[in-house]
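Visitor: Got a structure for you, structure_34.cif, holding mmCIF, C-alpha atoms.
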```cif
data_query
loop_
_atom_site.label_atom_id
_atom_site.label_comp_id
_atom_site.auth_asym_id
_atom_site.auth_seq_id
_atom_site.Cartn_x
_atom_site.Cartn_y
_atom_site.Cartn_z
CA MET A 109 71.87 189.26 54.65
CA LEU A 110 68.83 188.53 56.79
CA PRO A 111 66.73 185.37 56.10
CA PRO A 112 63.25 185.78 54.77
CA ARG A 113 60.48 186.48 57.28
CA ARG A 114 58.56 183.25 56.44
CA PHE A 115 61.62 181.16 57.25
CA ARG A 116 62.08 182.91 60.57
CA ILE A 117 58.45 182.22 61.59
CA GLY A 118 58.73 178.49 60.69
CA THR A 119 61.91 178.15 62.67
CA THR A 120 60.29 179.75 65.68
CA LEU A 121 57.26 177.44 65.56
CA PHE A 122 59.47 174.35 65.27
CA ALA A 123 61.45 175.48 68.29
CA LEU A 124 58.26 176.04 70.30
CA VAL A 125 56.92 172.57 69.40
CA LEU A 126 60.25 170.93 70.24
CA SER A 127 60.34 172.75 73.55
CA ALA A 128 56.81 171.62 74.42
CA CYS A 129 57.57 167.99 73.58
CA SER A 130 60.76 167.92 75.62
CA GLY A 131 58.96 169.29 78.71
CA SER A 132 56.29 166.53 78.91
CA LYS A 133 57.06 163.20 80.88
CA ALA A 134 55.65 159.75 79.91
CA PRO A 135 54.07 157.65 82.75
CA PRO A 136 56.44 154.97 84.20
CA PRO A 137 55.75 151.36 83.14
CA THR A 138 53.97 149.07 85.63
CA PRO A 139 56.48 146.61 87.21
CA ALA A 140 55.91 142.95 86.32
CA ALA A 141 54.98 140.49 89.08
CA VAL A 142 57.89 138.28 90.18
CA PRO A 143 57.10 134.55 90.09
CA VAL A 144 57.67 132.83 93.46
CA SER A 145 56.78 129.50 95.05
CA VAL A 146 54.83 129.48 98.31
CA VAL A 147 53.58 127.02 100.90
CA THR A 148 50.19 127.66 102.47
CA LEU A 149 50.30 126.87 106.18
CA LYS A 150 47.79 124.34 107.48
CA PRO A 151 47.32 123.25 111.11
CA GLN A 152 48.30 119.65 111.76
CA THR A 153 49.02 117.23 114.58
CA VAL A 154 52.77 116.96 115.23
CA THR A 155 54.68 114.56 117.46
CA LEU A 156 57.52 116.46 119.08
CA THR A 157 60.66 114.36 119.40
CA ARG A 158 64.14 114.65 120.86
CA ASP A 159 67.23 113.12 119.26
CA LEU A 160 69.41 112.08 122.19
CA PRO A 161 72.79 110.29 122.22
CA GLY A 162 73.22 107.17 124.30
CA ARG A 163 75.09 103.92 124.96
CA THR A 164 73.81 100.37 124.98
CA THR A 165 74.01 98.42 128.24
CA PRO A 166 73.02 94.83 129.07
CA HIS A 167 69.54 94.25 130.44
CA LEU A 168 70.95 91.92 133.10
CA VAL A 169 74.56 91.29 134.18
CA ALA A 170 75.66 88.44 136.45
CA GLU A 171 79.24 87.68 137.52
CA VAL A 172 79.90 83.99 138.08
CA ARG A 173 81.78 83.30 141.34
CA PRO A 174 82.37 80.06 143.28
CA GLN A 175 80.52 79.56 146.55
CA VAL A 176 82.88 76.82 147.72
CA SER A 177 86.63 76.38 147.39
CA GLY A 178 88.22 73.77 145.19
CA ILE A 179 90.19 72.87 142.09
CA VAL A 180 88.51 73.44 138.71
CA LYS A 181 88.05 69.99 137.20
CA ARG A 182 86.68 71.10 133.82
CA ARG A 183 84.91 73.94 132.03
CA LEU A 184 81.47 73.05 130.68
CA PHE A 185 80.64 75.94 128.33
CA THR A 186 81.91 77.59 125.15
CA GLU A 187 83.33 81.05 125.64
CA GLY A 188 81.24 83.73 123.91
CA GLY A 189 78.27 81.40 123.51
CA LEU A 190 74.71 81.50 124.79
CA VAL A 191 73.87 79.88 128.12
CA THR A 192 70.60 79.31 129.93
CA ALA A 193 69.82 79.82 133.60
CA ARG A 194 71.06 76.97 135.84
CA GLN A 195 73.20 75.54 133.04
CA PRO A 196 76.43 73.98 134.47
CA LEU A 197 79.50 76.12 133.74
CA TYR A 198 82.31 74.65 135.89
CA GLN A 199 82.83 71.39 137.72
CA LEU A 200 85.07 71.48 140.81
CA GLU A 201 86.79 68.54 142.47
CA ASP A 202 84.05 67.39 144.84
CA ALA A 203 85.46 64.28 146.53
CA THR A 204 85.64 65.97 149.94
CA TYR A 205 82.13 67.38 149.64
CA GLN A 206 80.84 64.00 148.47
CA ALA A 207 82.38 62.31 151.51
CA THR A 208 80.74 64.86 153.81
CA TYR A 209 77.42 64.22 152.14
CA ASP A 210 77.77 60.46 152.51
CA SER A 211 78.67 60.86 156.20
CA ALA A 212 75.59 63.02 156.78
CA LYS A 213 73.47 60.47 154.97
CA ALA A 214 74.79 57.70 157.23
CA ALA A 215 74.17 59.80 160.33
CA LEU A 216 70.57 60.25 159.21
CA ALA A 217 70.16 56.51 158.79
CA ARG A 218 71.58 55.91 162.29
CA ALA A 219 69.24 58.50 163.77
CA GLN A 220 66.27 56.97 162.01
CA ALA A 221 67.18 53.51 163.43
CA SER A 222 67.43 54.96 166.89
CA LEU A 223 64.05 56.57 166.42
CA VAL A 224 62.47 53.20 165.61
CA THR A 225 63.91 51.67 168.80
CA ALA A 226 62.78 54.61 170.91
CA GLN A 227 59.29 54.54 169.44
CA LEU A 228 58.92 50.79 170.11
CA ASN A 229 60.12 51.26 173.69
CA PHE A 230 57.66 54.12 174.17
CA LYS A 231 54.78 52.06 172.82
CA ARG A 232 55.62 49.12 175.03
CA THR A 233 56.03 51.30 178.14
CA SER A 234 52.77 53.15 177.48
CA GLU A 235 50.90 49.80 177.51
CA LEU A 236 52.61 48.54 180.70
CA VAL A 237 52.03 51.73 182.64
CA LYS A 238 48.29 51.20 182.29
CA ILE A 239 48.46 48.01 184.39
CA ASP A 240 51.13 49.40 186.71
CA ALA A 241 53.70 46.94 185.34
CA VAL A 242 56.30 49.75 185.08
CA SER A 243 56.83 52.82 187.10
CA LYS A 244 55.68 56.21 186.00
CA GLN A 245 59.33 57.27 185.89
CA ASP A 246 60.10 54.58 183.30
CA TYR A 247 57.18 55.81 181.18
CA GLU A 248 58.42 59.39 181.27
CA ASP A 249 61.95 58.27 180.39
CA ALA A 250 60.63 56.34 177.37
CA THR A 251 58.60 59.33 176.24
CA ALA A 252 61.61 61.65 176.46
CA ALA A 253 63.81 59.15 174.63
CA ALA A 254 61.32 58.93 171.75
CA ARG A 255 61.17 62.70 171.42
CA GLN A 256 64.95 62.91 171.57
CA ALA A 257 65.20 60.37 168.76
CA GLU A 258 62.78 62.40 166.64
CA ALA A 259 64.91 65.52 167.20
CA ASP A 260 68.05 63.62 166.25
CA VAL A 261 66.42 62.58 162.99
CA MET A 262 65.47 66.18 162.18
CA ALA A 263 69.02 67.39 162.94
CA ALA A 264 70.48 64.64 160.74
CA GLN A 265 68.12 65.60 157.91
CA ALA A 266 69.22 69.26 158.18
CA ALA A 267 72.87 68.22 158.14
CA LEU A 268 72.27 66.06 155.08
CA GLN A 269 70.48 68.91 153.31
CA GLY A 270 73.35 71.31 154.12
CA SER A 271 75.96 68.88 152.81
CA ALA A 272 73.86 68.37 149.65
CA VAL A 273 73.83 72.13 149.06
CA THR A 274 77.60 72.32 149.50
CA LEU A 275 78.06 69.38 147.16
CA GLY A 276 75.84 71.10 144.60
CA TYR A 277 77.98 74.24 144.79
CA ALA A 278 80.87 72.18 143.44
CA ARG A 279 79.06 72.36 140.10
CA ILE A 280 78.87 76.09 139.29
CA THR A 281 75.81 77.03 137.20
CA ALA A 282 74.72 80.10 135.23
CA PRO A 283 72.63 82.51 137.36
CA ILE A 284 70.80 83.97 134.32
CA SER A 285 70.31 83.28 130.62
CA GLY A 286 72.42 85.27 128.19
CA ARG A 287 75.75 85.45 126.42
CA ILE A 288 78.79 84.46 128.45
CA GLY A 289 82.22 86.02 128.03
CA LYS A 290 85.66 84.52 128.33
CA SER A 291 86.68 82.38 131.31
CA SER A 292 89.24 83.81 133.73
CA VAL A 293 90.35 80.33 134.88
CA THR A 294 91.22 77.02 133.27
CA ALA A 295 91.07 73.44 134.45
CA GLY A 296 93.42 72.88 137.39
CA ALA A 297 93.06 76.39 138.81
CA LEU A 298 92.29 76.85 142.49
CA VAL A 299 89.23 78.95 143.25
CA THR A 300 87.98 80.10 146.62
CA ALA A 301 84.52 80.77 147.94
CA ASN A 302 83.22 84.29 147.19
CA GLN A 303 86.49 85.41 145.62
CA ALA A 304 86.77 88.95 144.23
CA GLN A 305 87.60 87.95 140.66
CA PRO A 306 84.66 86.47 138.74
CA LEU A 307 85.16 83.26 136.80
CA ALA A 308 83.08 84.63 133.90
CA THR A 309 80.34 87.19 133.21
CA VAL A 310 76.91 86.48 131.74
CA GLN A 311 75.02 89.33 130.04
CA GLN A 312 71.42 89.26 128.91
CA LEU A 313 71.28 91.14 125.58
CA ASP A 314 67.66 90.57 124.55
CA PRO A 315 66.20 93.01 125.30
CA ILE A 316 69.06 95.46 125.60
CA ASN A 317 69.02 98.83 127.34
CA VAL A 318 69.89 102.18 125.80
CA ASP A 319 70.86 104.79 128.40
CA VAL A 320 70.54 108.40 127.20
CA THR A 321 70.77 111.80 128.87
CA ALA A 322 68.60 114.87 128.34
CA PRO A 323 68.99 118.47 129.57
CA SER A 324 66.94 119.21 132.67
CA ILE A 325 65.65 122.47 131.17
CA GLU A 326 63.71 120.44 128.62
CA VAL A 327 61.91 118.60 131.39
CA VAL A 328 60.83 121.90 132.94
CA ARG A 329 59.57 123.22 129.60
CA LEU A 330 57.80 119.96 128.79
CA ARG A 331 56.00 119.85 132.13
CA ARG A 332 54.90 123.47 131.74
CA GLU A 333 53.45 122.75 128.30
CA LEU A 334 51.70 119.65 129.59
CA ALA A 335 50.22 121.62 132.49
CA ALA A 336 49.09 124.39 130.15
CA GLY A 337 47.49 121.90 127.76
CA THR A 338 49.64 123.03 124.84
CA ILE A 339 50.75 119.45 124.23
CA ARG A 340 49.66 116.06 125.47
CA GLY A 341 51.85 113.24 126.72
CA ALA A 342 53.44 110.74 124.33
CA SER A 343 55.44 108.45 126.61
CA ALA A 344 53.68 105.36 125.21
CA LEU A 345 54.89 106.02 121.64
CA PRO A 346 57.73 103.82 120.33
CA VAL A 347 61.32 105.04 120.42
CA THR A 348 63.32 104.99 117.18
CA ILE A 349 66.95 103.86 117.44
CA LEU A 350 69.59 105.12 115.00
CA LEU A 351 72.86 103.20 114.69
CA GLU A 352 76.28 104.82 114.66
CA ASP A 353 76.31 104.97 110.83
CA GLY A 354 72.97 106.83 110.83
CA SER A 355 70.85 103.89 109.68
CA ARG A 356 67.65 103.03 111.49
CA TYR A 357 67.56 99.95 113.70
CA GLU A 358 64.76 97.63 112.62
CA HIS A 359 63.23 97.25 116.09
CA ASP A 360 61.68 100.18 117.98
CA GLY A 361 62.14 100.46 121.73
CA LYS A 362 60.00 101.76 124.54
CA LEU A 363 60.77 104.20 127.33
CA ALA A 364 61.41 102.20 130.52
CA PHE A 365 62.00 104.94 133.10
CA SER A 366 63.48 108.38 133.66
CA GLU A 367 65.79 109.28 136.52
CA VAL A 368 64.36 111.45 139.28
CA THR A 369 67.64 113.19 140.11
CA VAL A 370 69.51 115.70 137.94
CA ASP A 371 73.28 115.31 137.71
CA PRO A 372 74.63 118.58 139.17
CA SER A 373 77.87 118.34 137.16
CA THR A 374 76.13 118.17 133.76
CA GLY A 375 72.64 119.56 134.42
CA SER A 376 71.07 116.51 132.77
CA PHE A 377 69.06 113.50 133.81
CA ALA A 378 69.11 109.90 132.61
CA LEU A 379 66.54 108.03 130.53
CA ARG A 380 66.47 104.31 129.80
CA VAL A 381 64.97 102.68 126.71
CA ASP A 382 64.29 98.94 126.39
CA VAL A 383 65.03 97.71 122.86
CA PRO A 384 64.36 94.21 121.45
CA ASN A 385 67.61 92.60 120.28
CA PRO A 386 66.75 89.11 119.01
CA ASP A 387 69.68 88.96 116.57
CA HIS A 388 72.15 90.45 119.08
CA LEU A 389 73.06 93.15 116.58
CA LEU A 390 73.36 95.66 119.41
CA LEU A 391 76.27 94.94 121.73
CA PRO A 392 77.04 96.56 125.11
CA GLY A 393 78.91 99.84 124.81
CA MET A 394 77.73 100.76 121.31
CA TYR A 395 76.99 104.42 120.54
CA VAL A 396 73.45 104.98 119.26
CA ARG A 397 70.90 107.79 119.06
CA ALA A 398 67.37 107.52 120.41
CA ILE A 399 64.53 109.57 118.93
CA ILE A 400 62.12 109.88 121.84
CA ALA A 401 58.61 111.35 121.58
CA ALA A 402 58.28 114.21 124.06
CA GLY A 403 54.68 115.16 123.35
CA VAL A 404 51.96 115.62 120.75
CA ARG A 405 50.87 119.13 119.70
CA GLU A 406 47.53 119.73 118.06
CA ASN A 407 47.00 122.47 115.43
CA ALA A 408 50.74 122.99 114.97
CA LEU A 409 52.16 125.09 112.12
CA LEU A 410 55.25 123.88 110.27
CA VAL A 411 57.27 126.02 107.86
CA PRO A 412 59.96 124.63 105.52
CA GLN A 413 63.40 125.65 106.67
CA ARG A 414 64.05 127.23 103.27
CA GLY A 415 61.37 129.81 103.99
CA ILE A 416 62.97 131.07 107.23
CA THR A 417 65.80 133.62 107.35
CA ARG A 418 67.90 134.92 110.23
CA ASP A 419 69.57 138.30 110.59
CA PRO A 420 73.02 138.78 112.18
CA LYS A 421 71.35 139.14 115.59
CA GLY A 422 69.65 135.76 115.26
CA ASN A 423 66.13 137.10 114.75
CA THR A 424 63.98 134.93 112.47
CA SER A 425 61.61 136.17 109.81
CA ALA A 426 59.61 134.93 106.83
CA MET A 427 58.37 136.50 103.61
CA VAL A 428 54.59 136.19 103.24
CA VAL A 429 52.37 137.00 100.26
CA GLY A 430 49.66 139.41 101.38
CA ALA A 431 46.07 139.64 100.16
CA ASP A 432 47.10 142.31 97.64
CA GLY A 433 49.76 140.04 96.11
CA LYS A 434 52.62 142.00 97.65
CA VAL A 435 55.41 140.71 99.87
CA GLU A 436 55.25 141.21 103.64
CA GLN A 437 58.13 140.50 106.01
CA ARG A 438 56.97 138.86 109.26
CA ALA A 439 59.03 138.52 112.43
CA ILE A 440 58.36 135.04 113.76
CA THR A 441 59.42 132.73 116.58
CA VAL A 442 60.38 129.09 116.00
CA SER A 443 61.21 126.50 118.64
CA GLN A 444 62.56 123.31 117.06
CA THR A 445 62.90 121.41 113.83
CA VAL A 446 60.52 118.63 112.81
CA GLY A 447 62.21 116.87 109.94
CA ASP A 448 63.15 119.59 107.43
CA GLN A 449 60.62 122.10 108.83
CA TRP A 450 60.50 124.58 111.68
CA LEU A 451 57.79 124.49 114.33
CA VAL A 452 56.28 128.00 114.49
CA GLU A 453 55.44 129.41 117.91
CA SER A 454 54.27 132.89 116.89
CA GLY A 455 54.19 135.36 113.99
CA LEU A 456 52.30 133.23 111.46
CA ALA A 457 48.75 131.91 111.22
CA ALA A 458 46.95 129.19 109.34
CA GLY A 459 46.35 130.21 105.72
CA ASP A 460 49.48 132.39 105.43
CA LYS A 461 51.42 131.86 102.20
CA VAL A 462 55.13 131.66 103.01
CA ILE A 463 57.57 132.15 100.15
CA VAL A 464 60.05 129.28 99.86
CA GLU A 465 61.52 129.88 96.38
CA GLY A 466 62.49 133.15 94.70
CA LEU A 467 63.51 134.93 97.92
CA GLN A 468 66.62 136.36 96.27
CA LYS A 469 64.50 138.21 93.69
CA ILE A 470 62.07 140.00 96.01
CA ARG A 471 61.90 142.56 98.76
CA PRO A 472 59.11 143.74 101.08
CA GLY A 473 56.38 145.48 99.08
CA ALA A 474 57.24 143.78 95.80
CA LEU A 475 54.43 142.44 93.63
CA VAL A 476 54.70 138.69 93.16
CA GLN A 477 52.91 135.92 91.33
CA ALA A 478 52.59 133.04 93.81
CA ALA A 479 52.51 129.37 92.79
CA GLU A 480 51.74 126.72 95.40
CA MET A 481 54.47 124.17 96.14
CA SER A 482 53.75 120.94 97.97
CA VAL A 483 55.60 120.15 101.18
CA ALA A 484 56.85 116.90 99.61
CA ALA A 485 58.49 118.82 96.77
CA THR A 486 60.04 121.21 99.26
CA ALA A 487 61.50 118.32 101.24
CA THR A 488 62.88 116.76 98.05
CA ASN A 489 64.57 120.00 97.03
CA ALA A 490 66.02 120.46 100.51
CA LYS A 491 67.42 116.92 100.44
CA ALA A 492 68.93 117.52 97.00
CA VAL A 493 70.64 120.65 98.25
CA ALA A 494 71.93 118.91 101.35
CA THR A 495 73.32 115.90 99.48
CA SER A 496 74.75 117.67 96.46
CA PRO A 497 78.57 117.84 96.32
CA PRO A 498 80.23 121.20 96.94
CA ALA A 499 81.33 123.25 93.96
CA ASN A 500 85.00 123.26 93.11
#
```
Could you spell out this file's structure in structure tokens?

Guide:
Amino acid sequence: MLPPRRFRIGTTLFALVLSACSGSKAPPPTPAAVPVSVVTLKPQTVTLTRDLPGRTTPHLVAEVRPQVSGIVKRRLFTEGGLVTARQPLYQLEDATYQATYDSAKAALARAQASLVTAQLNFKRTSELVKIDAVSKQDYEDATAAARQAEADVMAAQAALQGSAVTLGYARITAPISGRIGKSSVTAGALVTANQAQPLATVQQLDPINVDVTAPSIEVVRLRRELAAGTIRGASALPVTILLEDGSRYEHDGKLAFSEVTVDPSTGSFALRVDVPNPDHLLLPGMYVRAIIAAGVRENALLVPQRGITRDPKGNTSAMVVGADGKVEQRAITVSQTVGDQWLVESGLAAGDKVIVEGLQKIRPGALVQAAEMSVAATATNAKAVATSPPAN
């Protein structure tokens, strides 16, 4: 039996309406802006530094050696203690040298007595020759004898001075002020003049030197930047010293000199830093690190390391918030780290907003809601990440 005609018409209309509704598409929803934290780049003056390894060396080193031969009578210093210049260190048996000195002293006295006699004879002869009481020959002989006596006195004085110097060498003194090491001889030992083995070594430790090495390529780059006016010199700035445990030494040093020759085996050159060491905390041979100022750059741009990414090929890039609030990926060039930030060479400009938090939630072209983060907060977060223990 067929359905009524009215029912068939209603069914047809319902089908047409349902078909019309199913064919229409609703507009897609607008994506929500992703919240991110950014740092706005501002030009600033930056001191470029180099962290270089080095070893401490004494400022002055003097090896104590005898200048005369003899038996060591006694030692006059405490091993490992401080000594001052010209302080007696060893006393040798000096009886022989004392006798030589006394003999030279007596010879001087004899020469001086002879000089008096010759001078009196000369004076007397010079008066008699005026009245022709003596011959001219006698006058000339008296004159020569007086001059000979004067020469004998001068020779005796030189001999006495030489014997006094030799006698003084029997008491060995410190050539410089500093800390003296252990003695290689004891009382009763025989030492010889200018022997190869030193009796002791004195080292001046205040100030102390720190010898470091730097790659020669850095010198070339630095000189090019100085010539181009990109940076200005900073050799007068203090040098920070870091101890082996990473702590900072309380006294800053100053750059003393740089070597003019590059070591062909290592491709590096030497630098020397003078460091105050009043408490003798730094000892020769210690490993330290010297943070040396290489130059000062004006209008530099620094980006937190958290805002820089590298691809597998080593290319660096940063995510920047554009004027339309969307993310832009910028290829940039960085040269070195300054603290926890990268020094930007190209790719970014002052006023750019670099994303430092929320990078994992965005992609180029995404709409973001940027909130400014201070550089201090960025540094604190980076330190927290670096010092946090690894997950189990």

Visitor: Let me make sure I understand: among A:Asn423, A:Ala408, A:Gly430, A:Ala257, which one has the smallest atom-to-atom distance to Leu149 in chain A if we use all atoms listed in the file?

Guide: A:Ala408

Visitor: Using only C-alpha atoms, which residue out of A:Glu453, A:Asp314, A:Glu406, A:Asp246 lies closest to Leu391 in chain A?

Guide: A:Asp314

Visitor: Measuring between all atoms listed in the file, which one of A:Ser324, A:Val293, A:Leu313, A:Lys461 shows the shortest distance to His167 in chain A?

Guide: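 Of A:Ser324, A:Val293, A:Leu313, A:Lys461, the one nearest His167 in chain A is A:Leu313, counting all atoms listed in the file.
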
Visitor: Which residues, written as a ChimeraX atom specification, have at least one atom at most 10 Å from Val142 in chain A, with all atoms listed in the file counted and residues fewer than 6 positions away on the same chain left out?

Guide: /A:434,466,469-470,474-478

Visitor: Would you mind reading off the distance between CA of Ala266 in chain A and CA of Ser177 in chain A, one decimal, in Å?

Guide: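 The value is 21.7 Å.
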
Visitor: Any idea what the distance is between CA of Gly162 in chain A and CA of Met394 in chain A?

Guide: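 CA of Met394 in chain A lies 8.4 Å from CA of Gly162 in chain A.
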
Visitor: How far is it from CA of Thr274 in chain A to CA of Glu201 in chain A, in Å with one decimal?

Guide: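 One can read the CA of Thr274 in chain A to CA of Glu201 in chain A distance as 12.2 Å.
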
Visitor: Which neighbours of Pro412 in chain A fall inside 7 Å, counting only C-alpha atoms, when residues of the same chain fewer than 3 positions from it are skipped, and could you give them as a PDB file with C-alpha atoms, in the coordinates of the input?

Guide:
```pdb
ATOM      1  CA  GLY A 415      61.370 129.810 103.990  1.00  0.00           C
ATOM      2  CA  ASP A 448      63.150 119.590 107.430  1.00  0.00           C
ATOM      3  CA  GLN A 449      60.620 122.100 108.830  1.00  0.00           C
ATOM      4  CA  TRP A 450      60.500 124.580 111.680  1.00  0.00           C
TER       5      TRP A 450
END
```

Visitor: Compile the contact shell of Lys181 in chain A as JSON, numbers by chain: residues with an atom at most 12 Å away, counting only C-alpha atoms, same-chain residues fewer than 3 positions apart removed.

Guide: {"A": [178, 184, 197, 198, 199, 200, 201, 202, 203, 278, 279, 280, 293, 294, 295, 296, 297, 298, 299]}

Visitor: So that I can see what lies close to Ser355 in chain A, please list as number ranges by chain the residues with an atom at most 12 Å from it, counting only C-alpha atoms and leaving out residues fewer than 4 positions away in the same chain.

Guide: A: 348-351, 359, 396-398

Visitor: At a cut-off of 12 Å from (79.8, 62.0, 156.2) in the coordinates of the file, what residues are picked up using only C-alpha atoms, written as a PyMOL selection string?

Guide: chain A and resi 203-218+264+267-272+275

Visitor: Filtering to C-alpha atoms, could you give me those residues as a PDB file, in the coordinates of the input?

Guide:
```
ATOM      1  CA  ALA A 203      85.460  64.280 146.530  1.00  0.00           C
ATOM      2  CA  THR A 204      85.640  65.970 149.940  1.00  0.00           C
ATOM      3  CA  TYR A 205      82.130  67.380 149.640  1.00  0.00           C
ATOM      4  CA  GLN A 206      80.840  64.000 148.470  1.00  0.00           C
ATOM      5  CA  ALA A 207      82.380  62.310 151.510  1.00  0.00           C
ATOM      6  CA  THR A 208      80.740  64.860 153.810  1.00  0.00           C
ATOM      7  CA  TYR A 209      77.420  64.220 152.140  1.00  0.00           C
ATOM      8  CA  ASP A 210      77.770  60.460 152.510  1.00  0.00           C
ATOM      9  CA  SER A 211      78.670  60.860 156.200  1.00  0.00           C
ATOM     10  CA  ALA A 212      75.590  63.020 156.780  1.00  0.00           C
ATOM     11  CA  LYS A 213      73.470  60.470 154.970  1.00  0.00           C
ATOM     12  CA  ALA A 214      74.790  57.700 157.230  1.00  0.00           C
ATOM     13  CA  ALA A 215      74.170  59.800 160.330  1.00  0.00           C
ATOM     14  CA  LEU A 216      70.570  60.250 159.210  1.00  0.00           C
ATOM     15  CA  ALA A 217      70.160  56.510 158.790  1.00  0.00           C
ATOM     16  CA  ARG A 218      71.580  55.910 162.290  1.00  0.00           C
ATOM     17  CA  ALA A 264      70.480  64.640 160.740  1.00  0.00           C
ATOM     18  CA  ALA A 267      72.870  68.220 158.140  1.00  0.00           C
ATOM     19  CA  LEU A 268      72.270  66.060 155.080  1.00  0.00           C
ATOM     20  CA  GLN A 269      70.480  68.910 153.310  1.00  0.00           C
ATOM     21  CA  GLY A 270      73.350  71.310 154.120  1.00  0.00           C
ATOM     22  CA  SER A 271      75.960  68.880 152.810  1.00  0.00           C
ATOM     23  CA  ALA A 272      73.860  68.370 149.650  1.00  0.00           C
ATOM     24  CA  LEU A 275      78.060  69.380 147.160  1.00  0.00           C
TER      25      LEU A 275
END
```
